[in-house]
$ cat work-v7.txt   # compact mmCIF, N, CA and C atoms
# COMPACT_ATOMS: atom_id res chain seq x y z
N MET A 14 0.81 -1.20 0.00
CA MET A 14 0.00 0.00 0.00
C MET A 14 0.86 1.26 0.00
N GLN A 15 2.17 1.09 0.14
CA GLN A 15 3.03 2.26 0.11
C GLN A 15 3.00 2.94 -1.26
N GLY A 16 2.53 2.21 -2.27
CA GLY A 16 2.49 2.77 -3.61
C GLY A 16 1.41 3.82 -3.79
N ILE A 17 0.48 3.89 -2.85
CA ILE A 17 -0.60 4.87 -2.98
C ILE A 17 -0.07 6.21 -2.48
N LYS A 18 0.70 6.84 -3.31
CA LYS A 18 1.26 8.14 -3.03
C LYS A 18 1.22 8.94 -4.31
N LYS A 19 0.82 10.18 -4.20
CA LYS A 19 0.80 11.02 -5.39
C LYS A 19 2.21 11.06 -5.97
N GLY A 20 2.29 10.90 -7.25
CA GLY A 20 3.59 10.88 -7.92
C GLY A 20 3.99 9.47 -8.31
N ILE A 21 3.75 8.50 -7.45
CA ILE A 21 4.08 7.12 -7.78
C ILE A 21 2.91 6.48 -8.49
N ILE A 22 1.74 6.59 -7.91
CA ILE A 22 0.57 5.92 -8.51
C ILE A 22 0.21 6.55 -9.85
N GLU A 23 0.56 7.80 -10.04
CA GLU A 23 0.28 8.45 -11.32
C GLU A 23 1.11 7.86 -12.45
N LEU A 24 2.17 7.16 -12.13
CA LEU A 24 3.01 6.55 -13.15
C LEU A 24 2.46 5.23 -13.65
N ALA A 25 1.55 4.64 -12.90
CA ALA A 25 1.06 3.29 -13.22
C ALA A 25 0.16 3.31 -14.46
N ASP A 26 0.44 2.38 -15.37
CA ASP A 26 -0.43 2.16 -16.51
C ASP A 26 -1.46 1.08 -16.18
N MET A 27 -1.13 0.29 -15.18
CA MET A 27 -1.99 -0.81 -14.77
C MET A 27 -1.47 -1.30 -13.43
N ILE A 28 -2.37 -1.80 -12.60
CA ILE A 28 -1.96 -2.37 -11.32
C ILE A 28 -2.52 -3.77 -11.24
N ALA A 29 -1.64 -4.73 -10.96
CA ALA A 29 -2.06 -6.12 -10.79
C ALA A 29 -1.69 -6.56 -9.38
N ILE A 30 -2.69 -6.95 -8.63
CA ILE A 30 -2.48 -7.47 -7.28
C ILE A 30 -2.34 -8.98 -7.41
N ASN A 31 -1.13 -9.48 -7.14
CA ASN A 31 -0.87 -10.91 -7.27
C ASN A 31 -1.18 -11.62 -5.96
N LYS A 32 -1.13 -12.93 -5.99
CA LYS A 32 -1.37 -13.80 -4.84
C LYS A 32 -2.81 -13.67 -4.34
N ALA A 33 -3.73 -13.41 -5.28
CA ALA A 33 -5.15 -13.34 -4.94
C ALA A 33 -5.71 -14.76 -4.93
N ASP A 34 -5.28 -15.51 -3.94
CA ASP A 34 -5.70 -16.90 -3.84
C ASP A 34 -5.76 -17.30 -2.37
N GLY A 35 -6.44 -18.38 -2.09
CA GLY A 35 -6.54 -18.89 -0.73
C GLY A 35 -7.03 -17.84 0.24
N ASP A 36 -6.32 -17.72 1.36
CA ASP A 36 -6.70 -16.76 2.40
C ASP A 36 -6.45 -15.31 1.99
N ASN A 37 -5.74 -15.11 0.90
CA ASN A 37 -5.39 -13.75 0.46
C ASN A 37 -6.44 -13.10 -0.44
N ILE A 38 -7.44 -13.83 -0.87
CA ILE A 38 -8.40 -13.27 -1.83
C ILE A 38 -9.04 -12.00 -1.29
N ARG A 39 -9.53 -12.04 -0.09
CA ARG A 39 -10.20 -10.86 0.47
C ARG A 39 -9.23 -9.69 0.60
N ARG A 40 -8.02 -9.96 1.07
CA ARG A 40 -7.03 -8.88 1.19
C ARG A 40 -6.66 -8.31 -0.18
N ALA A 41 -6.54 -9.17 -1.17
CA ALA A 41 -6.21 -8.70 -2.52
C ALA A 41 -7.34 -7.84 -3.07
N GLU A 42 -8.57 -8.25 -2.85
CA GLU A 42 -9.71 -7.46 -3.33
C GLU A 42 -9.80 -6.12 -2.61
N THR A 43 -9.49 -6.12 -1.33
CA THR A 43 -9.48 -4.86 -0.57
C THR A 43 -8.38 -3.94 -1.11
N ALA A 44 -7.21 -4.51 -1.34
CA ALA A 44 -6.11 -3.71 -1.89
C ALA A 44 -6.49 -3.16 -3.26
N ALA A 45 -7.12 -3.99 -4.08
CA ALA A 45 -7.55 -3.53 -5.41
C ALA A 45 -8.52 -2.36 -5.29
N GLY A 46 -9.45 -2.46 -4.35
CA GLY A 46 -10.40 -1.36 -4.13
C GLY A 46 -9.69 -0.09 -3.69
N ASP A 47 -8.70 -0.24 -2.81
CA ASP A 47 -7.93 0.92 -2.35
C ASP A 47 -7.19 1.58 -3.51
N TYR A 48 -6.59 0.76 -4.36
CA TYR A 48 -5.89 1.31 -5.51
C TYR A 48 -6.85 1.98 -6.50
N LYS A 49 -8.00 1.37 -6.73
CA LYS A 49 -8.99 1.99 -7.62
C LYS A 49 -9.39 3.36 -7.09
N ASN A 50 -9.64 3.45 -5.80
CA ASN A 50 -10.01 4.74 -5.21
C ASN A 50 -8.88 5.75 -5.36
N ALA A 51 -7.67 5.32 -5.11
CA ALA A 51 -6.52 6.22 -5.24
C ALA A 51 -6.35 6.69 -6.68
N LEU A 52 -6.53 5.79 -7.63
CA LEU A 52 -6.41 6.18 -9.03
C LEU A 52 -7.45 7.22 -9.42
N HIS A 53 -8.62 7.12 -8.89
CA HIS A 53 -9.67 8.10 -9.20
C HIS A 53 -9.33 9.47 -8.61
N ILE A 54 -8.58 9.47 -7.53
CA ILE A 54 -8.18 10.74 -6.92
C ILE A 54 -7.04 11.37 -7.70
N PHE A 55 -6.04 10.56 -8.07
CA PHE A 55 -4.81 11.10 -8.63
C PHE A 55 -4.75 11.14 -10.15
N THR A 56 -5.48 10.30 -10.83
CA THR A 56 -5.37 10.22 -12.28
C THR A 56 -6.40 11.15 -12.92
N PRO A 57 -5.97 12.00 -13.85
CA PRO A 57 -6.92 12.89 -14.51
C PRO A 57 -7.94 12.10 -15.32
N HIS A 58 -9.18 12.49 -15.22
CA HIS A 58 -10.24 11.83 -15.99
C HIS A 58 -10.21 12.31 -17.43
N GLY A 59 -10.71 11.50 -18.32
CA GLY A 59 -10.75 11.87 -19.72
C GLY A 59 -9.49 11.50 -20.47
N ALA A 60 -8.55 10.84 -19.81
CA ALA A 60 -7.33 10.41 -20.48
C ALA A 60 -7.68 9.28 -21.45
N THR A 61 -6.82 9.04 -22.41
CA THR A 61 -7.04 7.97 -23.38
C THR A 61 -7.08 6.61 -22.69
N TRP A 62 -6.30 6.47 -21.64
CA TRP A 62 -6.21 5.19 -20.94
C TRP A 62 -6.38 5.44 -19.44
N PHE A 63 -7.30 4.72 -18.83
CA PHE A 63 -7.43 4.79 -17.38
C PHE A 63 -6.89 3.48 -16.82
N PRO A 64 -5.92 3.54 -15.92
CA PRO A 64 -5.26 2.32 -15.44
C PRO A 64 -6.23 1.36 -14.76
N PRO A 65 -6.34 0.14 -15.28
CA PRO A 65 -7.18 -0.85 -14.61
C PRO A 65 -6.45 -1.44 -13.41
N VAL A 66 -7.23 -1.96 -12.48
CA VAL A 66 -6.69 -2.65 -11.32
C VAL A 66 -7.25 -4.06 -11.34
N LEU A 67 -6.36 -5.03 -11.38
CA LEU A 67 -6.77 -6.43 -11.50
C LEU A 67 -6.22 -7.23 -10.33
N THR A 68 -6.92 -8.29 -9.99
CA THR A 68 -6.37 -9.25 -9.05
C THR A 68 -6.05 -10.52 -9.83
N VAL A 69 -4.91 -11.09 -9.52
CA VAL A 69 -4.46 -12.29 -10.24
C VAL A 69 -3.87 -13.29 -9.25
N SER A 70 -3.85 -14.52 -9.68
CA SER A 70 -3.21 -15.57 -8.91
C SER A 70 -2.36 -16.40 -9.86
N GLY A 71 -1.05 -16.30 -9.70
CA GLY A 71 -0.16 -17.14 -10.48
C GLY A 71 -0.30 -18.60 -10.06
N ARG A 72 -0.49 -18.80 -8.77
CA ARG A 72 -0.61 -20.17 -8.25
C ARG A 72 -1.82 -20.88 -8.83
N ASP A 73 -2.97 -20.17 -8.85
CA ASP A 73 -4.21 -20.76 -9.34
C ASP A 73 -4.47 -20.48 -10.81
N ASN A 74 -3.53 -19.76 -11.47
CA ASN A 74 -3.68 -19.41 -12.88
C ASN A 74 -5.01 -18.67 -13.12
N ARG A 75 -5.32 -17.75 -12.23
CA ARG A 75 -6.57 -16.99 -12.34
C ARG A 75 -6.26 -15.52 -12.62
N GLY A 76 -6.94 -14.98 -13.61
CA GLY A 76 -6.80 -13.57 -13.94
C GLY A 76 -5.64 -13.27 -14.87
N LEU A 77 -4.86 -14.26 -15.21
CA LEU A 77 -3.67 -14.02 -16.04
C LEU A 77 -4.04 -13.69 -17.48
N GLU A 78 -5.06 -14.37 -18.01
CA GLU A 78 -5.49 -14.06 -19.38
C GLU A 78 -6.05 -12.64 -19.46
N GLU A 79 -6.80 -12.24 -18.46
CA GLU A 79 -7.34 -10.87 -18.43
C GLU A 79 -6.20 -9.87 -18.32
N LEU A 80 -5.21 -10.17 -17.50
CA LEU A 80 -4.06 -9.29 -17.36
C LEU A 80 -3.34 -9.13 -18.70
N TRP A 81 -3.09 -10.24 -19.39
CA TRP A 81 -2.41 -10.17 -20.68
C TRP A 81 -3.26 -9.40 -21.70
N ALA A 82 -4.55 -9.61 -21.67
CA ALA A 82 -5.44 -8.88 -22.58
C ALA A 82 -5.35 -7.37 -22.33
N LYS A 83 -5.27 -6.98 -21.06
CA LYS A 83 -5.14 -5.55 -20.72
C LYS A 83 -3.79 -5.00 -21.15
N VAL A 84 -2.74 -5.81 -21.04
CA VAL A 84 -1.42 -5.37 -21.50
C VAL A 84 -1.47 -5.09 -23.00
N LEU A 85 -2.07 -5.99 -23.76
CA LEU A 85 -2.18 -5.79 -25.21
C LEU A 85 -3.10 -4.62 -25.54
N GLU A 86 -4.18 -4.47 -24.80
CA GLU A 86 -5.10 -3.34 -25.01
C GLU A 86 -4.38 -2.02 -24.76
N HIS A 87 -3.57 -1.98 -23.71
CA HIS A 87 -2.82 -0.76 -23.40
C HIS A 87 -1.82 -0.46 -24.51
N ARG A 88 -1.09 -1.49 -24.95
CA ARG A 88 -0.13 -1.29 -26.03
C ARG A 88 -0.81 -0.74 -27.27
N ASP A 89 -1.94 -1.32 -27.64
CA ASP A 89 -2.66 -0.87 -28.83
C ASP A 89 -3.15 0.57 -28.68
N ALA A 90 -3.64 0.90 -27.49
CA ALA A 90 -4.11 2.27 -27.25
C ALA A 90 -2.96 3.27 -27.35
N MET A 91 -1.81 2.91 -26.81
CA MET A 91 -0.66 3.82 -26.83
C MET A 91 -0.10 3.96 -28.25
N ILE A 92 -0.11 2.88 -29.02
CA ILE A 92 0.33 2.95 -30.41
C ILE A 92 -0.60 3.85 -31.21
N ALA A 93 -1.90 3.72 -30.97
CA ALA A 93 -2.89 4.49 -31.73
C ALA A 93 -2.72 5.99 -31.56
N ILE A 94 -2.29 6.42 -30.39
CA ILE A 94 -2.14 7.87 -30.16
C ILE A 94 -0.69 8.34 -30.28
N GLY A 95 0.21 7.43 -30.63
CA GLY A 95 1.62 7.79 -30.79
C GLY A 95 2.39 7.84 -29.48
N GLU A 96 1.76 7.51 -28.38
CA GLU A 96 2.42 7.56 -27.09
C GLU A 96 3.45 6.44 -26.94
N HIS A 97 3.20 5.31 -27.54
CA HIS A 97 4.13 4.18 -27.45
C HIS A 97 5.50 4.58 -28.00
N GLN A 98 5.51 5.15 -29.18
CA GLN A 98 6.77 5.57 -29.80
C GLN A 98 7.42 6.69 -29.00
N ALA A 99 6.61 7.63 -28.52
CA ALA A 99 7.17 8.73 -27.73
C ALA A 99 7.82 8.21 -26.45
N ARG A 100 7.19 7.24 -25.81
CA ARG A 100 7.77 6.66 -24.59
C ARG A 100 9.07 5.93 -24.91
N ARG A 101 9.08 5.18 -25.99
CA ARG A 101 10.30 4.45 -26.37
C ARG A 101 11.44 5.42 -26.64
N GLN A 102 11.13 6.52 -27.32
CA GLN A 102 12.17 7.51 -27.61
C GLN A 102 12.68 8.14 -26.32
N SER A 103 11.78 8.47 -25.41
CA SER A 103 12.17 9.05 -24.13
C SER A 103 12.99 8.06 -23.32
N GLN A 104 12.60 6.78 -23.33
CA GLN A 104 13.35 5.76 -22.63
C GLN A 104 14.75 5.59 -23.21
N ALA A 105 14.86 5.66 -24.52
CA ALA A 105 16.16 5.52 -25.16
C ALA A 105 17.11 6.63 -24.71
N VAL A 106 16.61 7.86 -24.63
CA VAL A 106 17.43 8.98 -24.17
C VAL A 106 17.79 8.79 -22.70
N SER A 107 16.85 8.35 -21.88
CA SER A 107 17.13 8.11 -20.46
C SER A 107 18.19 7.02 -20.29
N TRP A 108 18.07 5.94 -21.05
CA TRP A 108 19.06 4.86 -20.98
C TRP A 108 20.43 5.37 -21.39
N MET A 109 20.47 6.19 -22.44
CA MET A 109 21.74 6.74 -22.89
C MET A 109 22.38 7.56 -21.77
N LYS A 110 21.58 8.42 -21.13
CA LYS A 110 22.11 9.26 -20.05
C LYS A 110 22.57 8.41 -18.87
N ASP A 111 21.81 7.38 -18.54
CA ASP A 111 22.21 6.48 -17.45
C ASP A 111 23.54 5.80 -17.75
N MET A 112 23.68 5.32 -18.98
CA MET A 112 24.93 4.66 -19.37
C MET A 112 26.09 5.66 -19.35
N LEU A 113 25.83 6.87 -19.81
CA LEU A 113 26.87 7.90 -19.81
C LEU A 113 27.31 8.21 -18.38
N GLU A 114 26.33 8.37 -17.47
CA GLU A 114 26.67 8.62 -16.07
C GLU A 114 27.49 7.47 -15.49
N ASP A 115 27.08 6.25 -15.78
CA ASP A 115 27.81 5.08 -15.27
C ASP A 115 29.25 5.07 -15.78
N ARG A 116 29.41 5.34 -17.06
CA ARG A 116 30.75 5.31 -17.65
C ARG A 116 31.61 6.47 -17.16
N LEU A 117 30.98 7.64 -16.99
CA LEU A 117 31.73 8.78 -16.47
C LEU A 117 32.19 8.51 -15.03
N MET A 118 31.30 7.91 -14.21
CA MET A 118 31.69 7.57 -12.85
C MET A 118 32.80 6.53 -12.85
N ALA A 119 32.69 5.53 -13.72
CA ALA A 119 33.73 4.50 -13.80
C ALA A 119 35.06 5.12 -14.22
N ALA A 120 35.03 6.03 -15.20
CA ALA A 120 36.25 6.70 -15.64
C ALA A 120 36.82 7.57 -14.52
N LEU A 121 35.94 8.24 -13.82
CA LEU A 121 36.37 9.10 -12.72
C LEU A 121 37.05 8.26 -11.63
N LYS A 122 36.41 7.16 -11.26
CA LYS A 122 36.96 6.32 -10.19
C LYS A 122 38.23 5.58 -10.62
N SER A 123 38.39 5.37 -11.92
CA SER A 123 39.59 4.68 -12.38
C SER A 123 40.78 5.63 -12.50
N ASN A 124 40.54 6.92 -12.38
CA ASN A 124 41.61 7.89 -12.40
C ASN A 124 42.41 7.72 -11.10
N PRO A 125 43.72 7.45 -11.20
CA PRO A 125 44.50 7.18 -9.99
C PRO A 125 44.46 8.31 -8.96
N ARG A 126 44.50 9.53 -9.42
CA ARG A 126 44.49 10.67 -8.49
C ARG A 126 43.15 10.75 -7.78
N VAL A 127 42.07 10.57 -8.54
CA VAL A 127 40.73 10.59 -7.94
C VAL A 127 40.59 9.44 -6.96
N ALA A 128 41.00 8.26 -7.37
CA ALA A 128 40.89 7.09 -6.50
C ALA A 128 41.64 7.32 -5.18
N ALA A 129 42.77 7.98 -5.24
CA ALA A 129 43.55 8.23 -4.04
C ALA A 129 42.89 9.28 -3.13
N GLU A 130 42.31 10.29 -3.73
CA GLU A 130 41.77 11.40 -2.94
C GLU A 130 40.27 11.30 -2.63
N LEU A 131 39.56 10.45 -3.33
CA LEU A 131 38.11 10.37 -3.15
C LEU A 131 37.69 10.05 -1.71
N PRO A 132 38.29 9.09 -1.03
CA PRO A 132 37.85 8.82 0.35
C PRO A 132 37.99 10.05 1.26
N GLU A 133 39.06 10.80 1.09
CA GLU A 133 39.27 12.01 1.89
C GLU A 133 38.23 13.07 1.55
N ILE A 134 37.94 13.22 0.26
CA ILE A 134 36.95 14.21 -0.17
C ILE A 134 35.57 13.83 0.36
N GLU A 135 35.21 12.54 0.26
CA GLU A 135 33.92 12.08 0.77
C GLU A 135 33.82 12.34 2.27
N ALA A 136 34.89 12.07 2.99
CA ALA A 136 34.88 12.31 4.44
C ALA A 136 34.69 13.79 4.75
N ALA A 137 35.35 14.65 3.98
CA ALA A 137 35.22 16.09 4.20
C ALA A 137 33.79 16.57 3.92
N VAL A 138 33.17 16.02 2.88
CA VAL A 138 31.77 16.37 2.60
C VAL A 138 30.88 15.86 3.72
N ARG A 139 31.14 14.63 4.15
CA ARG A 139 30.33 14.01 5.20
C ARG A 139 30.40 14.82 6.50
N ASN A 140 31.59 15.29 6.87
CA ASN A 140 31.70 16.01 8.14
C ASN A 140 31.42 17.51 8.01
N GLY A 141 31.12 17.94 6.79
CA GLY A 141 30.71 19.33 6.60
C GLY A 141 31.84 20.31 6.39
N SER A 142 33.08 19.84 6.31
CA SER A 142 34.19 20.76 6.09
C SER A 142 34.41 21.12 4.63
N LEU A 143 33.70 20.43 3.73
CA LEU A 143 33.79 20.72 2.30
C LEU A 143 32.39 20.66 1.70
N LEU A 144 32.01 21.71 1.01
CA LEU A 144 30.70 21.74 0.36
C LEU A 144 30.67 20.76 -0.80
N PRO A 145 29.54 20.10 -1.02
CA PRO A 145 29.44 19.16 -2.15
C PRO A 145 29.80 19.81 -3.48
N THR A 146 29.39 21.06 -3.68
CA THR A 146 29.70 21.73 -4.95
C THR A 146 31.20 21.89 -5.14
N LEU A 147 31.90 22.23 -4.06
CA LEU A 147 33.35 22.38 -4.16
C LEU A 147 34.03 21.03 -4.33
N ALA A 148 33.48 19.99 -3.73
CA ALA A 148 34.03 18.65 -3.90
C ALA A 148 33.94 18.22 -5.36
N VAL A 149 32.80 18.49 -5.98
CA VAL A 149 32.63 18.14 -7.40
C VAL A 149 33.63 18.93 -8.25
N GLU A 150 33.76 20.20 -7.96
CA GLU A 150 34.72 21.02 -8.71
C GLU A 150 36.14 20.48 -8.58
N ARG A 151 36.49 20.07 -7.38
CA ARG A 151 37.84 19.52 -7.14
C ARG A 151 38.04 18.23 -7.94
N LEU A 152 37.04 17.35 -7.88
CA LEU A 152 37.13 16.08 -8.61
C LEU A 152 37.19 16.30 -10.12
N MET A 153 36.37 17.21 -10.61
CA MET A 153 36.37 17.47 -12.05
C MET A 153 37.72 18.07 -12.48
N ALA A 154 38.29 18.91 -11.66
CA ALA A 154 39.59 19.51 -12.00
C ALA A 154 40.67 18.44 -12.08
N MET A 155 40.56 17.42 -11.24
CA MET A 155 41.56 16.33 -11.28
C MET A 155 41.53 15.57 -12.58
N THR A 156 40.38 15.54 -13.24
CA THR A 156 40.24 14.77 -14.47
C THR A 156 40.44 15.61 -15.71
N GLY A 157 40.47 16.91 -15.54
CA GLY A 157 40.59 17.79 -16.69
C GLY A 157 39.29 18.05 -17.41
N LEU A 158 38.20 17.66 -16.80
CA LEU A 158 36.88 17.91 -17.43
C LEU A 158 36.29 19.22 -17.01
$ encode --input "work-v7.txt" --output "structure tokens"
Amino acid sequence: MQGIKKGIIELADMIAINKADGDNIRRAETAAGDYKNALHIFTPHGATWFPPVLTVSGRDNRGLEELWAKVLEHRDAMIAIGEHQARRQSQAVSWMKDMLEDRLMAALKSNPRVAAELPEIEAAVRNGSLLPTLAVERLMAMTGL
């Protein structure tokens, strides 16, 4: 239920409550109702797609066909309005930036001077004797960037 927070639940295209079997059926249905209510509060009405909330059981193989049908329905709806392609393009740029950040950090840490001084710089930031902005400037100067 921690997911019912403005900002997080707004990202959901669909919510599937798993383990809706045995003694959990009632709890899963209650959780589904809570999510449906939260979606009505946080999600703007009139959107092309309103996120469905489903209960499923992998153990009992219940609700899985409906879940897959909703996945395909969502994909088709997003393709029809061009949102699918726009999301893929945005994801590609995000992945590129993530990879760039990872590689820049790896290059930074592999720099012998940075590797030697980084623990001291981190300690200085941690104890408040060095501002994070100045620490970054110092590290960047060591690399020539």
$ axis_aligned_box --input "work-v7.txt" --around "segment 136-154 of chain A" --padding-each-side "3 Å" --output "lines of an AutoDock Vina configuration file"
center_x = 35.0
center_y = 17.2
center_z = -2.2
size_x = 17.3
size_y = 16.3
size_z = 26.6
$ closest_residue --input "work-v7.txt" --among "A:Ser70, A:Phe55, A:Gly95, A:Glu114" --to "Asp34 of chain A" --atoms "only N, CA and C atoms"
A:Ser70
$ residues_around --input "work-v7.txt" --residues "Met27 of chain A" --least-positions-apart "2" --cutoff "8 Å" --atoms "all atoms listed in the file" --output "ChimeraX atom specification"
/A:24-25,29-30,63-67,83
$ residues_around --input "work-v7.txt" --residues "Tyr48 of chain A" --least-positions-apart "4" --cutoff "7 Å" --atoms "all atoms listed in the file" --output "list in words"
Ile17, Thr43, Ala44, Leu52, His53 and Val66 of chain A
$ select_by_dssp --input "work-v7.txt" --residues "segment 31-150 of chain A" --states "alpha helix (DSSP H)" --output "PyMOL selection string"
chain A and resi 38-55+77-93+96-123+125-140+145-150
$ atom_distance --input "work-v7.txt" --atom1 "atom CA of Ala33 of chain A" --atom2 "atom C of Thr68 of chain A"
5.7 Å
$ closest_residue --input "work-v7.txt" --among "A:Ala148, A:Val106, A:Leu85, A:Ile54" --to "Glu135 of chain A" --atoms "only C-alpha atoms"
A:Ala148
$ atom_distance --input "work-v7.txt" --atom1 "atom N of Ala128 of chain A" --atom2 "atom N of Asp115 of chain A"
16.4 Å
$ atom_distance --input "work-v7.txt" --atom1 "atom CA of Ala45 of chain A" --atom2 "atom CA of Ile28 of chain A"
8.2 Å
$ select_by_dssp --input "work-v7.txt" --residues "chain A" --states "strand (DSSP E)" --output "MDAnalysis selection string"
chainID A and resid 28:30 66:68
